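Trainee: final_30.cif is reproduced below (mmCIF, C-alpha atoms).
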```
data_target
#
loop_
_atom_site.label_atom_id
_atom_site.label_comp_id
_atom_site.auth_asym_id
_atom_site.auth_seq_id
_atom_site.Cartn_x
_atom_site.Cartn_y
_atom_site.Cartn_z
CA MET Y 17 84.74 30.50 -3.55
CA LYS Y 18 82.56 27.53 -4.45
CA TYR Y 19 80.18 28.10 -1.52
CA ILE Y 20 79.94 31.84 -2.17
CA ARG Y 21 78.97 31.22 -5.77
CA GLN Y 22 76.46 28.51 -4.87
CA PHE Y 23 74.88 30.61 -2.13
CA ALA Y 24 74.67 33.57 -4.51
CA VAL Y 25 72.95 31.47 -7.19
CA ILE Y 26 70.40 30.05 -4.73
CA LEU Y 27 69.66 33.48 -3.24
CA GLY Y 28 69.42 34.90 -6.76
CA PHE Y 29 66.68 32.41 -7.60
CA THR Y 30 64.99 33.11 -4.25
CA CYS Y 31 65.00 36.81 -5.13
CA ALA Y 32 63.68 36.19 -8.64
CA GLY Y 33 60.88 34.13 -7.08
CA GLU Y 34 60.01 36.98 -4.73
CA ILE Y 35 59.81 39.39 -7.66
CA LEU Y 36 57.45 36.97 -9.46
CA HIS Y 37 55.33 36.72 -6.32
CA TYR Y 38 55.10 40.52 -6.32
CA LEU Y 39 54.06 40.62 -9.98
CA ILE Y 40 51.64 37.67 -10.10
CA PRO Y 41 48.44 38.13 -8.06
CA LEU Y 42 48.19 34.51 -6.80
CA PRO Y 43 48.65 33.18 -3.24
CA ILE Y 44 51.80 31.31 -4.28
CA PRO Y 45 54.94 32.18 -2.30
CA GLY Y 46 58.14 33.41 -3.92
CA SER Y 47 60.04 30.33 -2.76
CA VAL Y 48 57.78 28.07 -4.87
CA TYR Y 49 58.37 30.22 -7.98
CA GLY Y 50 62.09 30.13 -7.16
CA LEU Y 51 62.01 26.32 -6.89
CA VAL Y 52 60.27 25.98 -10.26
CA LEU Y 53 62.69 28.46 -11.89
CA LEU Y 54 65.79 26.71 -10.52
CA PHE Y 55 64.40 23.32 -11.61
CA ALA Y 56 63.74 24.69 -15.12
CA PHE Y 57 67.24 26.16 -15.38
CA LEU Y 58 68.79 22.83 -14.35
CA ALA Y 59 66.50 20.80 -16.64
CA PHE Y 60 67.22 22.99 -19.68
CA GLY Y 61 70.96 22.85 -18.96
CA TRP Y 62 71.33 26.63 -18.39
CA LEU Y 63 72.82 25.86 -14.99
CA LYS Y 64 75.01 22.98 -13.82
CA LEU Y 65 74.41 20.92 -10.70
CA GLU Y 66 77.89 22.00 -9.50
CA ASP Y 67 76.63 25.60 -9.35
CA VAL Y 68 74.26 24.81 -6.48
CA ARG Y 69 74.79 21.28 -5.13
CA GLU Y 70 76.71 21.44 -1.82
CA THR Y 71 75.11 24.60 -0.48
CA GLY Y 72 71.66 23.36 -1.50
CA GLN Y 73 72.28 20.04 0.23
CA PHE Y 74 73.38 21.85 3.38
CA LEU Y 75 70.23 23.98 3.41
CA ILE Y 76 68.02 20.93 2.83
CA GLU Y 77 69.74 18.99 5.59
CA ILE Y 78 69.18 21.68 8.23
CA MET Y 79 65.62 22.30 7.00
CA PRO Y 80 63.86 20.63 9.98
CA LEU Y 81 65.45 23.26 12.27
CA MET Y 82 63.80 26.05 10.29
CA PHE Y 83 60.32 24.97 11.38
CA ILE Y 84 61.05 25.16 15.11
CA PRO Y 85 60.59 28.95 15.59
CA ALA Y 86 57.26 29.08 13.72
CA ALA Y 87 55.93 25.97 15.46
CA ALA Y 88 56.97 27.24 18.89
CA GLY Y 89 55.06 30.39 17.96
CA LEU Y 90 51.85 28.35 18.13
CA VAL Y 91 51.90 29.26 21.82
CA ALA Y 92 51.41 32.88 20.84
CA SER Y 93 48.45 32.16 18.53
CA TRP Y 94 46.84 29.82 21.08
CA GLY Y 95 44.13 32.39 21.85
CA HIS Y 96 42.82 32.29 18.27
CA MET Y 97 42.80 28.50 18.19
CA LYS Y 98 40.81 27.83 21.37
CA ALA Y 99 37.40 28.52 19.85
CA MET Y 100 37.58 25.68 17.32
CA LEU Y 101 40.13 23.47 19.02
CA VAL Y 102 38.27 20.13 19.01
CA PRO Y 103 37.00 20.15 15.41
CA ALA Y 104 40.31 21.57 14.16
CA CYS Y 105 42.31 18.81 15.88
CA VAL Y 106 40.04 15.98 14.71
CA ILE Y 107 39.94 17.30 11.15
CA THR Y 108 43.72 17.81 11.09
CA VAL Y 109 44.54 14.28 12.28
CA VAL Y 110 41.90 12.47 10.20
CA SER Y 111 42.51 14.33 6.96
CA THR Y 112 46.32 14.13 7.22
CA ILE Y 113 46.10 10.33 7.50
CA VAL Y 114 43.46 10.02 4.75
CA VAL Y 115 45.48 12.21 2.34
CA MET Y 116 48.76 10.39 3.03
CA VAL Y 117 47.21 6.95 2.52
CA THR Y 118 45.21 7.99 -0.58
CA ALA Y 119 48.11 9.70 -2.37
CA GLY Y 120 50.50 6.87 -1.47
CA LYS Y 121 48.25 3.95 -2.38
CA VAL Y 122 47.08 5.52 -5.65
CA THR Y 123 50.66 6.26 -6.73
CA ASP Y 124 51.77 2.76 -5.69
CA ALA Y 125 48.92 1.14 -7.64
CA CYS Y 126 49.59 3.24 -10.77
CA ILE Y 127 53.31 2.42 -10.75
CA ARG Y 128 52.61 -1.29 -10.34
CA LYS Y 129 50.05 -1.22 -13.13
CA SER Y 130 52.41 0.50 -15.58
CA GLU Y 131 55.25 -1.87 -14.63
CA LYS Y 132 53.00 -4.86 -15.25
CA GLY Y 133 51.84 -3.29 -18.54
CA GLU Y 134 55.43 -2.95 -19.69
CA LYS Y 135 56.16 -6.57 -18.82
CA THR Y 136 53.20 -8.01 -20.73
CA HIS Y 137 54.03 -5.67 -23.59
CA ALA Y 138 57.62 -6.90 -23.63
CA GLY Y 139 56.33 -10.49 -23.38
CA ARG Y 140 54.20 -10.03 -26.46
CA SER Y 141 56.98 -8.59 -28.54
CA ASP Y 142 59.12 -11.60 -27.59
CA SER Y 143 56.63 -14.13 -28.85
CA MET G 24 68.29 39.34 33.08
CA LEU G 25 67.91 36.19 30.98
CA GLU G 26 65.29 37.99 28.93
CA GLU G 27 67.68 40.85 28.20
CA VAL G 28 70.55 38.55 27.26
CA ILE G 29 68.37 36.59 24.81
CA LEU G 30 66.86 39.74 23.33
CA ASN G 31 70.27 41.30 22.71
CA SER G 32 71.94 38.19 21.40
CA ALA G 33 71.93 37.28 17.73
CA ALA G 34 72.61 33.60 18.31
CA SER G 35 70.77 32.51 21.46
CA GLY G 36 67.41 31.78 19.82
CA VAL G 37 69.13 29.81 17.08
CA PHE G 38 71.25 27.96 19.64
CA ILE G 39 68.25 27.10 21.84
CA SER G 40 66.49 25.67 18.77
CA LEU G 41 69.58 23.70 17.73
CA ALA G 42 70.17 22.35 21.24
CA ALA G 43 66.51 21.32 21.51
CA TYR G 44 66.78 19.48 18.19
CA GLY G 45 70.00 17.86 19.35
CA ILE G 46 68.25 16.50 22.43
CA GLY G 47 65.46 15.29 20.13
CA VAL G 48 67.97 13.35 18.03
CA LEU G 49 69.49 11.78 21.18
CA VAL G 50 66.04 10.71 22.41
CA LYS G 51 65.29 9.26 18.97
CA ARG G 52 68.52 7.26 19.11
CA ARG G 53 67.70 5.93 22.57
CA TRP G 54 64.03 5.00 21.91
CA ASN G 55 63.65 4.37 18.22
CA THR G 56 59.89 4.90 17.84
CA ALA G 57 57.90 7.27 15.65
CA LEU G 58 56.75 9.08 18.80
CA ALA G 59 60.34 10.10 19.52
CA ASN G 60 60.34 12.55 16.63
CA PRO G 61 63.26 15.04 16.91
CA LEU G 62 61.28 17.93 15.42
CA MET G 63 58.30 17.35 17.73
CA ILE G 64 60.59 17.04 20.76
CA ALA G 65 62.49 20.21 19.78
CA ILE G 66 59.26 22.22 19.44
CA LEU G 67 57.96 21.02 22.82
CA LEU G 68 61.32 21.71 24.50
CA VAL G 69 61.47 25.26 23.14
CA ILE G 70 57.88 25.91 24.30
CA LEU G 71 58.71 24.44 27.74
CA PHE G 72 61.87 26.55 27.92
CA LEU G 73 59.93 29.73 27.13
CA LEU G 74 57.22 28.91 29.69
CA ALA G 75 59.68 27.80 32.39
CA THR G 76 61.91 30.87 32.10
CA GLY G 77 59.03 33.26 31.46
CA THR G 78 60.66 34.40 28.23
CA ASP G 79 58.40 36.04 25.65
CA TYR G 80 58.05 34.30 22.30
CA GLU G 81 58.98 37.60 20.64
CA THR G 82 62.22 37.71 22.61
CA TYR G 83 63.19 34.20 21.50
CA ASN G 84 62.11 34.88 17.94
CA ALA G 85 64.22 38.05 17.73
CA SER G 86 67.18 35.81 16.94
CA ALA G 87 65.45 32.50 16.06
CA LYS G 88 63.85 34.26 13.08
CA TYR G 89 67.15 33.90 11.22
CA LEU G 90 66.44 30.16 11.08
CA SER G 91 63.02 30.85 9.54
CA TYR G 92 64.71 33.23 7.13
CA LEU G 93 66.65 30.32 5.60
CA LEU G 94 63.40 28.54 4.72
CA ALA G 95 62.98 30.36 1.39
CA PRO G 96 66.42 29.48 -0.03
CA ALA G 97 66.06 25.94 1.38
CA THR G 98 62.73 25.51 -0.42
CA VAL G 99 64.30 26.78 -3.65
CA SER G 100 67.09 24.21 -3.15
CA LEU G 101 64.52 21.38 -3.25
CA ALA G 102 64.85 21.77 -7.04
CA ILE G 103 68.24 20.02 -6.75
CA PRO G 104 67.02 16.54 -5.66
CA MET G 105 64.09 16.92 -8.08
CA TYR G 106 66.51 17.51 -10.95
CA ASP G 107 68.64 14.61 -9.72
CA ARG G 108 65.62 12.28 -10.14
CA LEU G 109 64.42 13.83 -13.42
CA HIS G 110 64.41 10.42 -15.17
CA LEU G 111 62.05 9.01 -12.52
CA LEU G 112 59.72 11.99 -12.92
CA LYS G 113 59.63 11.46 -16.69
CA GLU G 114 59.09 7.71 -16.51
CA ASN G 115 56.36 7.88 -13.87
CA TYR G 116 54.69 11.20 -14.52
CA ARG G 117 51.23 9.65 -14.91
CA ALA G 118 51.34 7.72 -11.65
CA ILE G 119 52.80 10.78 -9.88
CA LEU G 120 50.17 13.21 -11.17
CA THR G 121 47.31 10.78 -10.47
CA GLY G 122 48.61 10.25 -6.95
CA ILE G 123 48.97 13.96 -6.16
CA LEU G 124 45.56 14.86 -7.64
CA SER G 125 43.80 12.09 -5.73
CA GLY G 126 45.54 13.29 -2.55
CA VAL G 127 44.41 16.89 -3.11
CA ALA G 128 40.85 15.70 -3.80
CA ALA G 129 40.93 13.52 -0.66
CA SER G 130 42.09 16.51 1.39
CA LEU G 131 39.32 18.84 0.18
CA LEU G 132 36.65 16.12 0.48
CA THR G 133 37.55 15.02 4.03
CA VAL G 134 37.64 18.64 5.23
CA LEU G 135 34.25 19.23 3.59
CA ALA G 136 32.72 16.07 5.08
CA LEU G 137 34.07 16.72 8.59
CA ALA G 138 33.13 20.41 8.46
CA LEU G 139 29.54 19.38 7.71
CA LEU G 140 29.70 16.81 10.50
CA PHE G 141 30.92 19.36 13.06
CA GLY G 142 28.63 22.07 11.70
CA LEU G 143 31.50 24.52 11.17
CA THR G 144 30.82 28.03 9.94
CA ARG G 145 31.94 28.96 6.46
CA ALA G 146 34.86 30.99 7.83
CA GLU G 147 36.06 28.03 9.91
CA TYR G 148 35.64 25.65 6.97
CA VAL G 149 37.67 27.71 4.50
CA THR G 150 40.36 28.18 7.16
CA LEU G 151 40.87 24.40 7.23
CA LEU G 152 40.52 23.75 3.47
CA PRO G 153 44.17 24.44 2.53
CA LYS G 154 45.62 22.62 5.58
CA SER G 155 47.81 20.19 3.64
CA VAL G 156 49.74 22.71 1.55
CA THR G 157 52.83 24.76 2.35
CA THR G 158 52.26 27.57 4.88
CA ALA G 159 52.58 30.58 2.58
CA ILE G 160 50.13 29.13 0.02
CA GLY G 161 47.69 27.92 2.68
CA MET G 162 47.60 31.22 4.58
CA GLY G 163 47.05 33.12 1.34
CA VAL G 164 44.24 30.80 0.23
CA ALA G 165 42.48 30.89 3.62
CA GLU G 166 42.64 34.68 3.73
CA GLU G 167 41.42 35.12 0.19
CA LEU G 168 38.41 32.86 0.81
CA GLY G 169 37.47 34.73 3.99
CA GLY G 170 39.07 32.51 6.66
CA HIS G 171 41.49 33.25 9.51
CA SER G 172 45.05 33.19 8.20
CA GLU G 173 46.62 32.83 11.67
CA ILE G 174 44.60 29.75 12.54
CA ALA G 175 45.32 28.42 9.04
CA ALA G 176 49.06 28.80 9.69
CA ALA G 177 48.74 26.99 13.02
CA VAL G 178 46.73 24.11 11.53
CA ILE G 179 49.16 23.83 8.60
CA ILE G 180 52.18 23.62 10.91
CA ILE G 181 50.45 21.00 13.10
CA THR G 182 49.59 19.02 9.95
CA GLY G 183 53.22 19.14 8.85
CA VAL G 184 54.59 17.99 12.21
CA LEU G 185 51.98 15.20 12.38
CA GLY G 186 52.88 14.10 8.87
CA ASN G 187 56.57 14.18 9.77
CA MET G 188 55.86 11.92 12.77
CA MET G 189 53.44 9.53 11.09
CA ALA G 190 55.14 9.15 7.69
CA GLU G 191 57.13 6.02 8.52
CA PRO G 192 54.46 4.14 10.51
CA ILE G 193 51.75 4.95 7.93
CA CYS G 194 53.87 3.77 5.00
CA ARG G 195 54.51 0.55 6.94
CA ILE G 196 50.95 -0.10 8.17
CA PHE G 197 49.32 0.62 4.79
CA SER G 198 52.21 -1.03 2.91
CA ILE G 199 53.04 1.94 0.71
CA ARG G 200 56.20 0.37 -0.68
CA HIS G 201 57.59 2.21 -3.69
CA PRO G 202 59.91 5.12 -2.77
CA ILE G 203 58.10 7.30 -5.34
CA ALA G 204 54.73 6.54 -3.71
CA LYS G 205 56.14 7.27 -0.23
CA GLY G 206 57.47 10.65 -1.35
CA ILE G 207 54.21 11.63 -3.07
CA ALA G 208 52.20 10.56 0.00
CA ILE G 209 54.34 12.66 2.35
CA GLY G 210 54.63 15.80 0.19
CA THR G 211 50.92 15.86 -0.71
CA SER G 212 49.76 15.45 2.90
CA ALA G 213 52.41 17.25 4.93
CA HIS G 214 54.13 19.79 2.62
CA ALA G 215 57.64 21.06 3.49
CA ILE G 216 57.73 19.81 7.11
CA GLY G 217 56.88 16.31 5.89
CA THR G 218 59.43 16.67 3.09
CA ALA G 219 62.15 17.14 5.70
CA LYS G 220 61.32 13.58 6.84
CA ALA G 221 61.09 12.29 3.25
CA MET G 222 64.63 13.61 2.67
CA GLU G 223 65.85 11.49 5.60
CA MET G 224 64.09 8.41 4.18
CA GLY G 225 65.90 8.68 0.86
CA GLU G 226 66.73 10.94 -2.04
CA THR G 227 63.94 9.59 -4.26
CA GLU G 228 61.38 10.06 -1.47
CA GLY G 229 62.68 13.61 -0.92
CA ALA G 230 62.60 14.52 -4.60
CA MET G 231 59.03 13.25 -5.03
CA SER G 232 57.89 14.97 -1.86
CA SER G 233 59.37 18.26 -3.14
CA LEU G 234 57.51 17.89 -6.41
CA ALA G 235 54.30 17.18 -4.50
CA ILE G 236 54.66 20.43 -2.49
CA VAL G 237 54.62 22.47 -5.69
CA THR G 238 51.96 20.49 -7.58
CA ALA G 239 49.59 19.93 -4.64
CA GLY G 240 50.01 23.58 -3.64
CA ILE G 241 49.02 24.90 -7.04
CA CYS G 242 46.12 22.41 -7.44
CA THR G 243 44.82 23.38 -3.99
CA VAL G 244 44.72 27.08 -4.94
CA ALA G 245 42.24 26.17 -7.67
CA GLY G 246 40.46 23.33 -5.83
CA ALA G 247 39.88 25.26 -2.59
CA ALA G 248 38.26 28.12 -4.51
CA ILE G 249 35.73 25.65 -5.96
CA PHE G 250 35.15 23.80 -2.66
CA ALA G 251 34.72 27.05 -0.72
CA GLY G 252 31.40 27.55 -2.49
CA LEU G 253 29.99 24.26 -1.17
CA ILE G 254 29.29 25.58 2.34
CA THR G 255 27.57 28.94 2.55
#
```
Show me the file's structure as structure tokens.

Mentor:
Amino acid sequence: MKYIRQFAVILGFTCAGEILHYLIPLPIPGSVYGLVLLFAFLAFGWLKLEDVRETGQFLIEIMPLMFIPAAAGLVASWGHMKAMLVPACVITVVSTIVVMVTAGKVTDACIRKSEKGEKTHAGRSDS
Amino acid sequence: MLEEVILNSAASGVFISLAAYGIGVLVKRRWNTALANPLMIAILLVILFLLATGTDYETYNASAKYLSYLLAPATVSLAIPMYDRLHLLKENYRAILTGILSGVAASLLTVLALALLFGLTRAEYVTLLPKSVTTAIGMGVAEELGGHSEIAAAVIIITGVLGNMMAEPICRIFSIRHPIAKGIAIGTSAHAIGTAKAMEMGETEGAMSSLAIVTAGICTVAGAAIFAGLIT
């Protein structure tokens, strides 16, 4: 019964997200609305972690598999890609690395700064 | 005959994908390098299988699509690790937001700079603008701005797989140490496919990467609309 209930809750939120996607004229997929809704329900305590945990963990664990069909489908859209293959590849590789390094280093630096700030703050209140 | 069996079976496409991933995991165990990425290996094996047996992609996808179908509920489930790390989100929200926003800005700026360098047309440029966000958002943005949504989807998937492969070496080489920073880096650059890797690295990394999918996705919808006007 536990898994049926959890699966039903998760699919319910997926459905609610799809309805929102239908109503709101933005290029944001239903699954993202569903994610935000489920997060809000958990954060406000309207839903317990037990209502979704195991089934959600299962879905997250097998998530890499879900990208295989779409990625293998790149073979089918190969014809469209050919025209801009070289620039598209260079831009994809370069910008993926730049974005990963920028987002990571900036976050790292901000966390370190705030941790240091807390320490000096605590130091002052001691003295 | 093979074609007919696959087309009429509800499980073969799913099984082929699973088996390919299984081989990928075995290869990863044998040669533990970032190049031996199970997802990358699985994708290549499926493509090779289709080419070698002369099976149409549509035939394979007739049953493999059920795997893709699970993507929506799986994405919704990413709220669970995020909720689990709610205290970390609250304590570090400034660092997290600054990190994601700088990543989104870096993405739009590098695409702009390289598009100018390669002399891309406006349509090609806007197709690449949303390359770091989750497929459904990116395709929608590219289409709305006058780009090719199919190429956008292809570039987005390649970005994700690249991010999935490079996440660990890049965090090591550029000494991105904090688990929160690792998660933000992966989710902002490589959306859901990268997040699958972040989940393997740790629950904090996974939770932060999930948050970055949502935040970077929404920021890119607004940012790409502004950047699209810069090349006419």

Trainee: Can you pull out every residue within 8 Å of Thr118 of chain Y, counting all atoms listed in the file, but drop anything in the same chain fewer than 3 positions away, and send it as a short mmCIF file (atom, residue, chain, number, x, y, z; two decimals) with C-alpha atoms, in the frame of the given file?

Mentor:
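Final output, result_17.cif:
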```cif
data_model
loop_
_atom_site.label_atom_id
_atom_site.label_comp_id
_atom_site.auth_asym_id
_atom_site.auth_seq_id
_atom_site.Cartn_x
_atom_site.Cartn_y
_atom_site.Cartn_z
CA VAL Y 114 43.46 10.02 4.75
CA VAL Y 115 45.48 12.21 2.34
CA LYS Y 121 48.25 3.95 -2.38
CA VAL Y 122 47.08 5.52 -5.65
CA GLY G 122 48.61 10.25 -6.95
CA SER G 125 43.80 12.09 -5.73
CA GLY G 126 45.54 13.29 -2.55
CA ALA G 129 40.93 13.52 -0.66
CA ALA G 208 52.20 10.56 0.00
#
```

Trainee: Between G:Gly36, G:Pro104, G:Pro153, G:Gly142, which is the closest to Ser91 of chain G once you count all atoms listed in the file?

Mentor: G:Gly36

Trainee: Here's a test: counting all atoms listed in the file, identify every protein, DNA and RNA residue with an atom at most 12 Å from (70.1, 23.0, 6.9) in the file's coordinate frame, and state them as a PyMOL selection string.

Mentor: (chain Y and resi 70-83) or (chain G and resi 41+90-98+100-101+219+222)

Trainee: Can you check which parts of chain Y lie within 6 Å of chain G? Per residue, the shortest pair of atoms and distance in Å to one decimal, counting all atoms listed in the file, sorted by chain and number, as CSV.

Mentor:
```
residue,atom,partner,partner_atom,distance
Y:Thr30,CA,G:Pro96,CA,5.7
Y:Pro43,CA,G:Gly163,CA,4.9
Y:Ile44,CA,G:Ile160,CA,5.1
Y:Pro45,CA,G:Ala159,CA,5.7
Y:Ser47,CA,G:Ala95,CA,5.1
Y:Gly50,CA,G:Val99,CA,5.3
Y:Leu51,CA,G:Val99,CA,4.0
Y:Phe55,CA,G:Ala102,CA,4.8
Y:Gly72,CA,G:Ser100,CA,4.9
Y:Leu75,CA,G:Ala97,CA,5.0
Y:Ile76,CA,G:Ala97,CA,5.6
Y:Pro80,CA,G:Ala219,CA,5.8
Y:Met82,CA,G:Ser91,CA,4.9
Y:Ile84,CA,G:Ile66,CA,5.5
Y:Ala88,CA,G:Ile66,CA,5.5
Y:Ser111,CA,G:Thr133,CA,5.8
Y:Thr112,CA,G:Ser212,CA,5.7
Y:Val115,CA,G:Gly126,CA,5.0
Y:Met116,CA,G:Ala208,CA,4.6
Y:Thr118,CA,G:Gly126,CA,5.7
Y:Ala119,CA,G:Gly126,CA,4.4
Y:Gly120,CA,G:Ala208,CA,4.3
Y:Val122,CA,G:Gly122,CA,5.1
Y:Thr123,CA,G:Gly122,CA,4.5
Y:Asp124,CA,G:Ala204,CA,5.2
Y:Cys126,CA,G:Ala118,CA,4.9
Y:Ile127,CA,G:Ala118,CA,5.7
```

Trainee: Using all atoms listed in the file, which of Y:Val52, Y:Val106, Y:Val68, Y:Leu58 sits nearest Phe23 of chain Y?

Mentor: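 Checking each candidate against Phe23 of chain Y, we get Y:Val68 as the closest.
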
Trainee: In Å, rounded to a single decimal, give me how far atom CA of Ala239 of chain G is from atom CA of Tyr49 of chain Y.

Mentor: 13.9 Å

Trainee: Taking every listed atom of segment 107-113 of chain Y and adding 8 Å to each side, what centre and edge lengths in Å (one decimal) does the axis-aligned box have, as AutoDock Vina command-line options?

Mentor:
```
--center_x 43.1 --center_y 14.1 --center_z 9.6 --size_x 22.4 --size_y 23.5 --size_z 21.3
```

Trainee: In Å, how far is it from atom CA of Gly46 of chain Y to atom CA of Ala24 of chain Y?

Mentor: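 Atom-to-atom, atom CA of Gly46 of chain Y and atom CA of Ala24 of chain Y are spaced 16.5 Å apart.
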